[in-house]
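Shown here: input-v6.txt, compact mmCIF, C-alpha atoms and all ligand atoms.
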# COMPACT_ATOMS: atom_id res chain seq x y z
CA MET E 22 15.99 12.91 27.15
CA GLU E 23 19.00 13.93 25.09
CA GLU E 24 20.13 11.70 22.20
CA GLN E 25 23.19 10.05 23.78
CA MET E 26 21.23 9.19 26.91
CA LEU E 27 18.40 7.69 24.86
CA ILE E 28 20.90 5.53 22.99
CA GLU E 29 22.41 4.28 26.26
CA GLU E 30 18.96 3.53 27.70
CA ILE E 31 17.89 1.65 24.57
CA LYS E 32 21.06 -0.46 24.71
CA LYS E 33 20.46 -1.27 28.39
CA LEU E 34 16.83 -2.22 27.79
CA LYS E 35 17.80 -4.36 24.82
CA GLU E 36 20.16 -6.39 26.95
CA GLU E 37 17.83 -6.70 29.95
CA LYS E 38 14.94 -7.86 27.76
CA ASN E 39 16.89 -9.91 25.22
CA ALA E 40 15.55 -7.71 22.41
CA ILE E 41 16.79 -7.12 18.87
CA ILE E 42 16.25 -3.98 16.78
CA LEU E 43 15.63 -4.53 13.07
CA ALA E 44 15.59 -1.50 10.77
CA HIS E 45 14.81 -1.00 7.11
CA ASN E 46 17.31 0.77 4.82
CA TYR E 47 14.95 3.80 4.62
CA GLN E 48 14.91 4.56 8.36
CA ILE E 49 16.45 7.80 9.66
CA PRO E 50 20.24 7.62 10.33
CA GLU E 51 19.91 7.56 14.16
CA ILE E 52 17.68 4.49 13.96
CA GLN E 53 19.93 2.71 11.45
CA ASP E 54 22.90 3.36 13.73
CA ILE E 55 21.28 1.80 16.78
CA ALA E 56 19.86 -1.23 14.95
CA ASP E 57 21.30 -4.74 15.27
CA TYR E 58 20.51 -5.32 11.62
CA VAL E 59 19.64 -2.95 8.75
CA GLY E 60 18.43 -4.42 5.47
CA ASP E 61 15.85 -4.87 2.74
CA SER E 62 12.54 -6.68 3.13
CA LEU E 63 14.05 -10.10 2.38
CA GLY E 64 17.00 -9.68 4.76
CA LEU E 65 14.70 -8.43 7.50
CA SER E 66 12.33 -11.37 7.05
CA ARG E 67 15.25 -13.78 7.26
CA LYS E 68 16.54 -12.13 10.44
CA ALA E 69 13.07 -12.21 11.99
CA ALA E 70 12.75 -15.91 11.18
CA ASP E 71 16.20 -16.76 12.59
CA THR E 72 16.58 -14.65 15.72
CA ASP E 73 16.56 -16.15 19.20
CA ALA E 74 15.72 -12.80 20.81
CA ASP E 75 12.50 -12.64 22.88
CA ILE E 76 11.47 -9.24 21.55
CA ILE E 77 11.81 -7.82 18.02
CA VAL E 78 11.56 -4.02 17.79
CA PHE E 79 10.76 -3.44 14.14
CA CYS E 80 11.74 -0.04 12.77
CA GLY E 81 9.99 0.05 9.43
CA VAL E 82 6.36 0.01 8.32
CA HIS E 83 3.41 -2.09 9.46
CA PHE E 84 3.55 -4.91 6.86
CA MET E 85 7.19 -5.55 7.75
CA ALA E 86 6.48 -5.95 11.47
CA GLU E 87 3.48 -8.13 10.62
CA SER E 88 5.67 -10.37 8.44
CA ALA E 89 8.17 -10.63 11.32
CA LYS E 90 5.34 -11.74 13.64
CA ILE E 91 4.14 -14.34 11.13
CA LEU E 92 7.66 -15.74 10.77
CA SER E 93 8.36 -15.61 14.51
CA PRO E 94 4.95 -16.21 16.11
CA ASN E 95 6.34 -16.88 19.59
CA LYS E 96 8.24 -13.61 19.77
CA LYS E 97 6.89 -10.27 20.91
CA VAL E 98 7.07 -7.97 17.86
CA LEU E 99 6.81 -4.24 18.55
CA LEU E 100 6.25 -1.51 15.98
CA PRO E 101 7.39 1.75 17.67
CA VAL E 102 4.91 3.89 15.66
CA LEU E 103 1.70 2.00 14.96
CA ASP E 104 0.52 4.26 12.15
CA ALA E 105 3.73 3.86 10.13
CA GLY E 106 2.08 2.10 7.20
CA CYS E 107 2.72 1.49 3.52
CA PRO E 108 0.08 3.18 1.33
CA MET E 109 0.78 0.68 -1.46
CA ALA E 110 0.10 -2.29 0.86
CA ASP E 111 -3.28 -0.69 1.62
CA MET E 112 -4.24 -0.51 -2.08
CA ILE E 113 -5.65 -4.05 -1.99
CA ASP E 114 -7.46 -5.95 0.74
CA ALA E 115 -8.34 -9.65 1.04
CA GLU E 116 -11.90 -9.16 -0.23
CA GLN E 117 -10.68 -7.41 -3.38
CA LEU E 118 -8.13 -10.15 -3.94
CA LYS E 119 -10.80 -12.87 -3.59
CA ILE E 120 -12.86 -11.18 -6.32
CA PHE E 121 -9.76 -10.71 -8.55
CA LYS E 122 -8.93 -14.43 -8.15
CA LYS E 123 -12.42 -15.48 -9.27
CA ASP E 124 -11.74 -14.00 -12.72
CA TYR E 125 -8.54 -16.06 -13.14
CA PRO E 126 -9.16 -19.44 -11.48
CA ASN E 127 -6.11 -21.13 -13.01
CA ALA E 128 -3.53 -18.47 -12.28
CA ALA E 129 -0.90 -18.62 -9.53
CA VAL E 130 -1.42 -15.81 -7.01
CA VAL E 131 1.76 -13.99 -6.09
CA CYS E 132 1.82 -11.14 -3.59
CA TYR E 133 4.54 -8.59 -3.06
CA VAL E 134 5.65 -8.57 0.59
CA ASN E 135 4.26 -5.00 0.72
CA SER E 136 0.81 -6.37 1.53
CA SER E 137 -1.30 -7.18 4.58
CA ALA E 138 -1.24 -10.56 6.35
CA LYS E 139 -4.76 -11.22 5.04
CA VAL E 140 -3.63 -10.67 1.45
CA LYS E 141 -0.63 -12.95 2.03
CA ALA E 142 -3.04 -15.55 3.39
CA GLU E 143 -5.00 -15.43 0.12
CA SER E 144 -1.84 -15.84 -2.00
CA ASP E 145 0.10 -18.91 -3.12
CA ILE E 146 3.45 -17.30 -2.53
CA CYS E 147 4.98 -14.04 -1.42
CA VAL E 148 7.97 -12.27 -3.04
CA THR E 149 10.17 -9.26 -2.33
CA SER E 150 11.78 -6.97 -4.87
CA SER E 151 15.03 -8.94 -4.57
CA ASN E 152 13.61 -12.38 -5.39
CA ALA E 153 10.39 -11.69 -7.35
CA LEU E 154 11.84 -12.44 -10.78
CA LYS E 155 13.63 -15.63 -9.72
CA ILE E 156 10.59 -16.98 -7.88
CA ILE E 157 8.06 -16.16 -10.58
CA LYS E 158 10.27 -17.72 -13.25
CA SER E 159 10.43 -20.90 -11.15
CA LEU E 160 6.65 -21.32 -10.83
CA ASP E 161 4.89 -23.96 -12.97
CA SER E 162 1.97 -21.71 -13.81
CA GLU E 163 2.28 -19.57 -16.91
CA LYS E 164 -0.42 -17.19 -15.77
CA ILE E 165 0.40 -15.09 -12.68
CA LEU E 166 -1.85 -12.74 -10.72
CA PHE E 167 0.47 -10.23 -9.12
CA VAL E 168 -0.60 -7.86 -6.31
CA PRO E 169 -0.40 -5.01 -5.46
CA ASP E 170 2.47 -3.29 -7.31
CA GLN E 171 1.82 -2.69 -11.02
CA ASN E 172 5.37 -1.37 -11.50
CA LEU E 173 7.14 -4.40 -10.07
CA GLY E 174 4.62 -6.47 -12.08
CA SER E 175 5.64 -4.67 -15.30
CA TYR E 176 9.32 -5.12 -14.51
CA ILE E 177 8.86 -8.89 -14.02
CA ALA E 178 6.78 -9.12 -17.21
CA SER E 179 9.60 -7.43 -19.17
CA LYS E 180 12.17 -9.92 -17.83
CA ALA E 181 10.00 -13.05 -17.97
CA PRO E 182 8.16 -12.85 -21.31
CA GLU E 183 7.25 -16.55 -20.98
CA LYS E 184 4.84 -15.58 -18.18
CA GLU E 185 1.54 -13.76 -18.45
CA ILE E 186 1.56 -11.29 -15.55
CA ILE E 187 -1.80 -9.80 -14.63
CA SER E 188 -1.12 -7.01 -12.15
CA TRP E 189 -3.26 -5.19 -9.62
CA GLU E 190 -3.00 -1.45 -10.22
CA GLY E 191 -1.32 -0.48 -6.96
CA PHE E 192 1.83 1.61 -6.77
CA CYS E 193 4.29 3.11 -4.31
CA ILE E 194 3.37 6.76 -3.85
CA THR E 195 7.06 7.62 -3.42
CA HIS E 196 8.74 5.75 -6.31
CA HIS E 197 5.85 6.25 -8.75
CA ARG E 198 6.39 10.03 -8.56
CA VAL E 199 9.82 9.84 -10.26
CA ARG E 200 9.49 11.04 -13.85
CA HIS E 201 11.48 9.65 -16.77
CA SER E 202 12.32 13.23 -17.75
CA GLU E 203 14.35 13.36 -14.51
CA ILE E 204 16.51 10.52 -15.86
CA ASP E 205 16.93 12.41 -19.15
CA THR E 206 18.08 15.53 -17.30
CA VAL E 207 20.54 13.56 -15.14
CA ARG E 208 21.92 11.76 -18.23
CA LYS E 209 22.49 15.10 -19.91
CA ASN E 210 24.30 16.55 -16.89
CA LYS E 211 26.08 13.51 -15.54
CA GLY E 212 26.99 11.60 -18.70
CA GLU E 213 28.19 8.09 -17.91
CA THR E 214 27.30 8.06 -14.19
CA LYS E 215 25.35 4.88 -13.42
CA ILE E 216 21.68 5.25 -12.51
CA LEU E 217 20.37 2.65 -10.06
CA VAL E 218 16.63 2.39 -9.42
CA HIS E 219 14.15 0.37 -7.39
CA PRO E 220 11.64 -1.70 -9.44
CA GLU E 221 8.80 0.22 -7.76
CA CYS E 222 9.61 3.11 -10.12
CA ASN E 223 7.39 3.30 -13.17
CA PRO E 224 8.41 1.36 -16.32
CA ALA E 225 9.52 4.46 -18.24
CA VAL E 226 12.07 5.14 -15.48
CA VAL E 227 13.13 1.50 -14.99
CA GLU E 228 13.73 1.10 -18.74
CA LYS E 229 16.26 3.94 -18.76
CA ALA E 230 18.21 2.84 -15.66
CA ASP E 231 21.55 0.99 -15.62
CA PHE E 232 20.66 -1.24 -12.67
CA VAL E 233 17.34 -2.30 -11.13
CA GLY E 234 17.24 -3.92 -7.70
CA SER E 235 16.04 -4.00 -4.12
CA THR E 236 17.57 -1.58 -1.61
CA SER E 237 20.16 -4.13 -0.46
CA GLN E 238 20.96 -5.13 -4.05
CA ILE E 239 21.66 -1.45 -4.83
CA ILE E 240 23.93 -1.26 -1.75
CA GLU E 241 25.80 -4.44 -2.84
CA TYR E 242 26.16 -3.24 -6.44
CA ILE E 243 27.80 0.00 -5.27
CA SER E 244 30.14 -1.75 -2.80
CA SER E 245 31.52 -3.94 -5.55
CA SER E 246 31.79 -1.21 -8.21
CA ASP E 247 34.95 0.79 -8.94
CA ASP E 248 32.92 3.84 -10.06
CA LYS E 249 33.14 6.93 -7.90
CA GLU E 250 29.71 8.52 -8.49
CA PHE E 251 26.18 7.10 -8.61
CA ILE E 252 22.64 8.35 -9.16
CA ILE E 253 20.24 6.76 -6.66
CA GLY E 254 16.65 6.10 -7.71
CA THR E 255 15.18 4.91 -4.45
CA GLU E 256 14.13 6.41 -1.10
CA MET E 257 16.71 8.82 0.34
CA GLY E 258 17.19 6.88 3.63
CA ILE E 259 19.49 4.51 1.75
CA LEU E 260 22.05 7.34 1.36
CA HIS E 261 23.09 6.93 5.00
CA THR E 262 24.42 3.37 4.54
CA LEU E 263 25.84 4.21 1.11
CA ARG E 264 27.88 7.13 2.49
CA LYS E 265 28.95 5.17 5.58
CA ASN E 266 30.13 2.15 3.57
CA ASN E 267 31.74 4.11 0.72
CA PRO E 268 33.56 7.19 2.02
CA GLY E 269 35.32 7.79 -1.30
CA LYS E 270 32.17 7.71 -3.44
CA LYS E 271 29.56 10.38 -4.24
CA PHE E 272 25.80 9.88 -4.40
CA TYR E 273 23.07 11.99 -5.99
CA LEU E 274 19.34 11.41 -5.53
CA LEU E 275 17.56 10.94 -8.87
CA SER E 276 14.54 12.96 -7.72
CA PRO E 277 13.62 15.16 -4.73
CA ALA E 278 10.34 13.17 -4.62
CA LEU E 279 12.16 10.14 -3.20
CA ILE E 280 11.07 10.41 0.41
CA CYS E 281 8.67 8.04 2.19
CA TYR E 282 7.07 9.87 5.12
CA ASN E 283 5.96 6.65 6.77
CA MET E 284 9.54 5.40 6.92
CA LYS E 285 10.54 8.66 8.63
CA LYS E 286 8.01 8.48 11.46
CA THR E 287 10.11 6.42 13.89
CA SER E 288 12.40 8.32 16.29
CA LEU E 289 14.80 7.13 19.01
CA GLU E 290 12.26 8.30 21.58
CA ASP E 291 9.62 6.01 19.99
CA VAL E 292 12.00 3.03 20.09
CA TYR E 293 12.82 3.76 23.73
CA ARG E 294 9.12 3.99 24.74
CA ALA E 295 8.13 0.88 22.79
CA LEU E 296 10.90 -1.17 24.38
CA LYS E 297 10.50 0.19 27.92
CA GLU E 298 6.71 -0.23 28.01
CA GLU E 299 6.64 -3.18 25.59
CA LYS E 300 3.87 -1.37 23.77
CA ASN E 301 2.58 -1.38 20.19
CA GLU E 302 2.71 -5.15 19.95
CA ILE E 303 1.68 -6.66 16.62
CA PHE E 304 -0.93 -9.44 16.68
CA VAL E 305 -2.19 -11.50 13.76
CA ASP E 306 -5.28 -13.70 13.82
CA LYS E 307 -4.24 -17.38 14.14
CA GLU E 308 -6.03 -18.62 11.02
CA VAL E 309 -4.66 -15.77 8.89
CA MET E 310 -1.22 -16.27 10.41
CA ASP E 311 -1.06 -19.97 9.49
CA LYS E 312 -2.04 -19.32 5.87
CA ALA E 313 0.21 -16.25 5.49
CA TYR E 314 3.09 -18.24 7.00
CA LYS E 315 2.87 -20.73 4.13
CA SER E 316 3.24 -18.02 1.50
CA LEU E 317 6.21 -16.43 3.32
CA GLU E 318 7.84 -19.78 4.07
CA ARG E 319 7.59 -20.82 0.43
CA MET E 320 9.30 -17.57 -0.50
CA LEU E 321 12.17 -18.15 1.94
CA GLU E 322 12.61 -21.69 0.63
CA LEU E 323 12.83 -20.53 -2.99
CA SER E 324 14.98 -17.43 -2.53
P1 LIG E 401 13.21 -3.41 -0.37
O1 LIG E 401 12.74 -4.80 -0.10
O2 LIG E 401 13.93 -3.26 -1.65
O3 LIG E 401 14.01 -2.88 0.78
O4 LIG E 401 11.92 -2.47 -0.55
C1 LIG E 401 10.97 -2.22 0.40
C2 LIG E 401 10.16 -1.06 0.08
O5 LIG E 401 9.22 -0.73 0.74
C3 LIG E 401 10.54 -0.30 -1.08
O6 LIG E 401 9.78 0.84 -1.19
FE1 LIG E 402 5.53 1.68 0.88
FE2 LIG E 402 6.74 3.09 -1.02
FE3 LIG E 402 7.15 3.72 1.52
FE4 LIG E 402 8.19 1.46 0.47
S1 LIG E 402 8.68 3.57 -0.06
S2 LIG E 402 7.12 1.67 2.43
S3 LIG E 402 6.52 0.88 -0.94
S4 LIG E 402 5.18 3.84 0.41
Do you think you could lay out the structure here as structure tokens?
Ligand code: 13P
Ligand code: SF4
Amino acid sequence: MEEQMLIEEIKKLKEEKNAIILAHNYQIPEIQDIADYVGDSLGLSRKAADTDADIIVFCGVHFMAESAKILSPNKKVLLPVLDAGCPMADMIDAEQLKIFKKDYPNAAVVCYVNSSAKVKAESDICVTSSNALKIIKSLDSEKILFVPDQNLGSYIASKAPEKEIISWEGFCITHHRVRHSEIDTVRKNKGETKILVHPECNPAVVEKADFVGSTSQIIEYISSSDDKEFIIGTEMGILHTLRKNNPGKKFYLLSPALICYNMKKTSLEDVYRALKEEKNEIFVDKEVMDKAYKSLERMLELS
């Protein structure tokens, strides 16, 4: 089917089935353009929790659709491409977390939203890149076990020296590839141009950036800035919204490594098939769901 026809069919199906399409900021432009809401992990979780649609078509990666299901258990949540996963989320499983916890019985266990439902179920609270610092600072416990992202863990540790952050050694295979020498080169060539990075970049990169934030925080920063040029240190999918919202501004990607292949797997055809056949539904075991819900709900309360 040609693109315009697919778009029309998706719109028709959405209406007939009372469905909503949620898309992450890294999705391909065609998917972002057809979505009812495009955002970061926190915004998407909030939308999933609040919607009165019967079906949520989640254009993102597996942990995001799983979180939507946990927050909206009575809705049908569809992930158009089932093997769109997050390699970082797969770097720790519940069994590994249980063993890690045994070594630190008095620590609070905080998981990044980029984790499986089972890992969320084993955690006291969940965080996203936009609220991690605020939430961790607000916890009573001084000692924090943080899983799975060592880079976000290091960033929080640098901003909350009153906390002892013990991180799992996971990382995002996309952001971790950015080298600090790439920042040095850009600084040399682009002088005062602001460099904005995601906290999943490694500490040597984060340290040299002008702004560190989630994808939506980067988008908001740029909307409210009078500058005309920016260097973007997060996945290239974000450039679509940035260019759409800021026609007079110029954007340069910090590194050619900034592409997440899992975020690029979903096409309009996949969305159409998932919605038409109501296939690729996400299910979470009831016991896991109830426990994981608590850690996500606590996060939404505190953010
Ligand atoms: P955000 O919550 O900032 O959108 O990040 C999600 C993610 O997977 C970053 O790689
Ligand atoms: Fe996972 Fe990194 Fe892709 Fe985000 S960009 S989904 S953290 S692999």
List all protein, DNA and RNA residues that have any atom at most 7 Å from ligand LIG 402 (chain E), counting only C-alpha atoms and all ligand atoms, and write the list as a PyMOL selection string.
chain E and resi 82+106-110+135+193-196+256+281+283-284
Show me a table, sorted first by chain and then by increasing residue number, of the residues of chain E having an atom at most 10 Å from ligand LIG 401 (chain E), each with its shortest atom pair and the distance in Å to one decimal, counting only C-alpha atoms and all ligand atoms and written as a tab-separated table.
residue	atom	partner	partner_atom	distance
E:His45	CA	E:LIG401	O3	6.7
E:Asn46	CA	E:LIG401	O3	6.4
E:Tyr47	CA	E:LIG401	O3	7.8
E:Val59	CA	E:LIG401	O3	9.8
E:Gly60	CA	E:LIG401	O3	6.6
E:Asp61	CA	E:LIG401	O3	3.3
E:Ser62	CA	E:LIG401	O1	3.7
E:Leu63	CA	E:LIG401	O1	6.0
E:Gly64	CA	E:LIG401	O1	8.1
E:Leu65	CA	E:LIG401	O1	8.6
E:Ser66	CA	E:LIG401	O1	9.7
E:Gly81	CA	E:LIG401	O5	8.8
E:Val82	CA	E:LIG401	O5	8.1
E:Phe84	CA	E:LIG401	O5	9.3
E:Met85	CA	E:LIG401	O5	8.7
E:Cys107	CA	E:LIG401	O5	7.4
E:Pro108	CA	E:LIG401	O5	10.0
E:Met109	CA	E:LIG401	O5	8.8
E:Ala110	CA	E:LIG401	O5	9.3
E:Tyr133	CA	E:LIG401	O1	9.5
E:Val134	CA	E:LIG401	O1	8.1
E:Asn135	CA	E:LIG401	O5	6.5
E:Val148	CA	E:LIG401	O1	9.3
E:Thr149	CA	E:LIG401	O1	5.6
E:Ser150	CA	E:LIG401	O1	5.3
E:Ser151	CA	E:LIG401	O2	6.5
E:Asn152	CA	E:LIG401	O1	9.3
E:Phe192	CA	E:LIG401	O6	9.7
E:Cys193	CA	E:LIG401	O6	6.7
E:Ile194	CA	E:LIG401	O6	9.1
E:Thr195	CA	E:LIG401	O6	7.6
E:His196	CA	E:LIG401	O6	7.2
E:Val218	CA	E:LIG401	O2	10.0
E:His219	CA	E:LIG401	O2	6.8
E:Pro220	CA	E:LIG401	O2	8.3
E:Glu221	CA	E:LIG401	O6	6.7
E:Cys222	CA	E:LIG401	O6	9.2
E:Gly234	CA	E:LIG401	O2	6.9
E:Ser235	CA	E:LIG401	O2	3.3
E:Thr236	CA	E:LIG401	O2	4.0
E:Ser237	CA	E:LIG401	O3	6.4
E:Gln238	CA	E:LIG401	O2	7.7
E:Ile239	CA	E:LIG401	O2	8.6
E:Thr255	CA	E:LIG401	O6	7.5
E:Glu256	CA	E:LIG401	O6	7.1
E:Ile259	CA	E:LIG401	O3	9.3
E:Leu279	CA	E:LIG401	O6	9.8
E:Ile280	CA	E:LIG401	O6	9.8
E:Cys281	CA	E:LIG401	O6	8.0
E:Met284	CA	E:LIG401	O5	8.7
Please produce a file of the residues just selected, as a PDB file, in the coordinates of the input, where the atoms kept are C-alpha atoms.
ATOM      1  CA  HIS E  45      14.810  -1.000   7.110  1.00  0.00           C
ATOM      2  CA  ASN E  46      17.310   0.770   4.820  1.00  0.00           C
ATOM      3  CA  TYR E  47      14.950   3.800   4.620  1.00  0.00           C
ATOM      4  CA  VAL E  59      19.640  -2.950   8.750  1.00  0.00           C
ATOM      5  CA  GLY E  60      18.430  -4.420   5.470  1.00  0.00           C
ATOM      6  CA  ASP E  61      15.850  -4.870   2.740  1.00  0.00           C
ATOM      7  CA  SER E  62      12.540  -6.680   3.130  1.00  0.00           C
ATOM      8  CA  LEU E  63      14.050 -10.100   2.380  1.00  0.00           C
ATOM      9  CA  GLY E  64      17.000  -9.680   4.760  1.00  0.00           C
ATOM     10  CA  LEU E  65      14.700  -8.430   7.500  1.00  0.00           C
ATOM     11  CA  SER E  66      12.330 -11.370   7.050  1.00  0.00           C
ATOM     12  CA  GLY E  81       9.990   0.050   9.430  1.00  0.00           C
ATOM     13  CA  VAL E  82       6.360   0.010   8.320  1.00  0.00           C
ATOM     14  CA  PHE E  84       3.550  -4.910   6.860  1.00  0.00           C
ATOM     15  CA  MET E  85       7.190  -5.550   7.750  1.00  0.00           C
ATOM     16  CA  CYS E 107       2.720   1.490   3.520  1.00  0.00           C
ATOM     17  CA  PRO E 108       0.080   3.180   1.330  1.00  0.00           C
ATOM     18  CA  MET E 109       0.780   0.680  -1.460  1.00  0.00           C
ATOM     19  CA  ALA E 110       0.100  -2.290   0.860  1.00  0.00           C
ATOM     20  CA  TYR E 133       4.540  -8.590  -3.060  1.00  0.00           C
ATOM     21  CA  VAL E 134       5.650  -8.570   0.590  1.00  0.00           C
ATOM     22  CA  ASN E 135       4.260  -5.000   0.720  1.00  0.00           C
ATOM     23  CA  VAL E 148       7.970 -12.270  -3.040  1.00  0.00           C
ATOM     24  CA  THR E 149      10.170  -9.260  -2.330  1.00  0.00           C
ATOM     25  CA  SER E 150      11.780  -6.970  -4.870  1.00  0.00           C
ATOM     26  CA  SER E 151      15.030  -8.940  -4.570  1.00  0.00           C
ATOM     27  CA  ASN E 152      13.610 -12.380  -5.390  1.00  0.00           C
ATOM     28  CA  PHE E 192       1.830   1.610  -6.770  1.00  0.00           C
ATOM     29  CA  CYS E 193       4.290   3.110  -4.310  1.00  0.00           C
ATOM     30  CA  ILE E 194       3.370   6.760  -3.850  1.00  0.00           C
ATOM     31  CA  THR E 195       7.060   7.620  -3.420  1.00  0.00           C
ATOM     32  CA  HIS E 196       8.740   5.750  -6.310  1.00  0.00           C
ATOM     33  CA  VAL E 218      16.630   2.390  -9.420  1.00  0.00           C
ATOM     34  CA  HIS E 219      14.150   0.370  -7.390  1.00  0.00           C
ATOM     35  CA  PRO E 220      11.640  -1.700  -9.440  1.00  0.00           C
ATOM     36  CA  GLU E 221       8.800   0.220  -7.760  1.00  0.00           C
ATOM     37  CA  CYS E 222       9.610   3.110 -10.120  1.00  0.00           C
ATOM     38  CA  GLY E 234      17.240  -3.920  -7.700  1.00  0.00           C
ATOM     39  CA  SER E 235      16.040  -4.000  -4.120  1.00  0.00           C
ATOM     40  CA  THR E 236      17.570  -1.580  -1.610  1.00  0.00           C
ATOM     41  CA  SER E 237      20.160  -4.130  -0.460  1.00  0.00           C
ATOM     42  CA  GLN E 238      20.960  -5.130  -4.050  1.00  0.00           C
ATOM     43  CA  ILE E 239      21.660  -1.450  -4.830  1.00  0.00           C
ATOM     44  CA  THR E 255      15.180   4.910  -4.450  1.00  0.00           C
ATOM     45  CA  GLU E 256      14.130   6.410  -1.100  1.00  0.00           C
ATOM     46  CA  ILE E 259      19.490   4.510   1.750  1.00  0.00           C
ATOM     47  CA  LEU E 279      12.160  10.140  -3.200  1.00  0.00           C
ATOM     48  CA  ILE E 280      11.070  10.410   0.410  1.00  0.00           C
ATOM     49  CA  CYS E 281       8.670   8.040   2.190  1.00  0.00           C
ATOM     50  CA  MET E 284       9.540   5.400   6.920  1.00  0.00           C
TER      51      MET E 284
END
If you count only C-alpha atoms, which residues fall within 6 Å of E:Cys132, apart from same-chain ones fewer than 2 positions away, as a list of chain:residue names?
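Once the adjacent positions are removed, what remains is E:Cys147, E:Phe167, E:Val168.
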Would you work out the distance separating atom CA of E:Lys158 from atom CA of E:Leu323, expressed in Å to one decimal?
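That distance, rounded to one decimal, is 10.9 Å.
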Interface rows for stretch 35-113 of chain E against stretch 138-143 of chain E: nearest pair, Å to one decimal, 12 Å, all atoms listed in the file, as a Markdown table:
| residue | atom | partner | partner_atom | distance |
| --- | --- | --- | --- | --- |
| E:His83 | CA | E:Ala138 | CA | 10.2 |
| E:Phe84 | CA | E:Ala138 | CA | 7.4 |
| E:Met85 | CA | E:Ala138 | CA | 9.9 |
| E:Ala86 | CA | E:Ala138 | CA | 10.3 |
| E:Glu87 | CA | E:Ala138 | CA | 6.8 |
| E:Ser88 | CA | E:Ala138 | CA | 7.2 |
| E:Ala89 | CA | E:Ala138 | CA | 10.6 |
| E:Lys90 | CA | E:Ala138 | CA | 9.9 |
| E:Ile91 | CA | E:Ala138 | CA | 8.1 |
| E:Leu92 | CA | E:Ala138 | CA | 11.2 |
| E:Ala110 | CA | E:Val140 | CA | 9.2 |
| E:Asp111 | CA | E:Val140 | CA | 10.0 |
| E:Met112 | CA | E:Val140 | CA | 10.8 |
| E:Ile113 | CA | E:Val140 | CA | 7.7 |
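Straight-line separation from atom CA of E:Asp306 to atom CA of E:Ser93: 13.8 Å.
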Which polymer residues, whether protein, DNA or RNA, lie within 10 Å of the coordinate (15.4, -7.0, 20.1) when you count only C-alpha atoms? List them as a VMD selection string, using the chain letters and numbers from the file.
chain E and resid 32 34 to 36 38 to 43 56 to 57 69 72 to 79 96 to 99 296
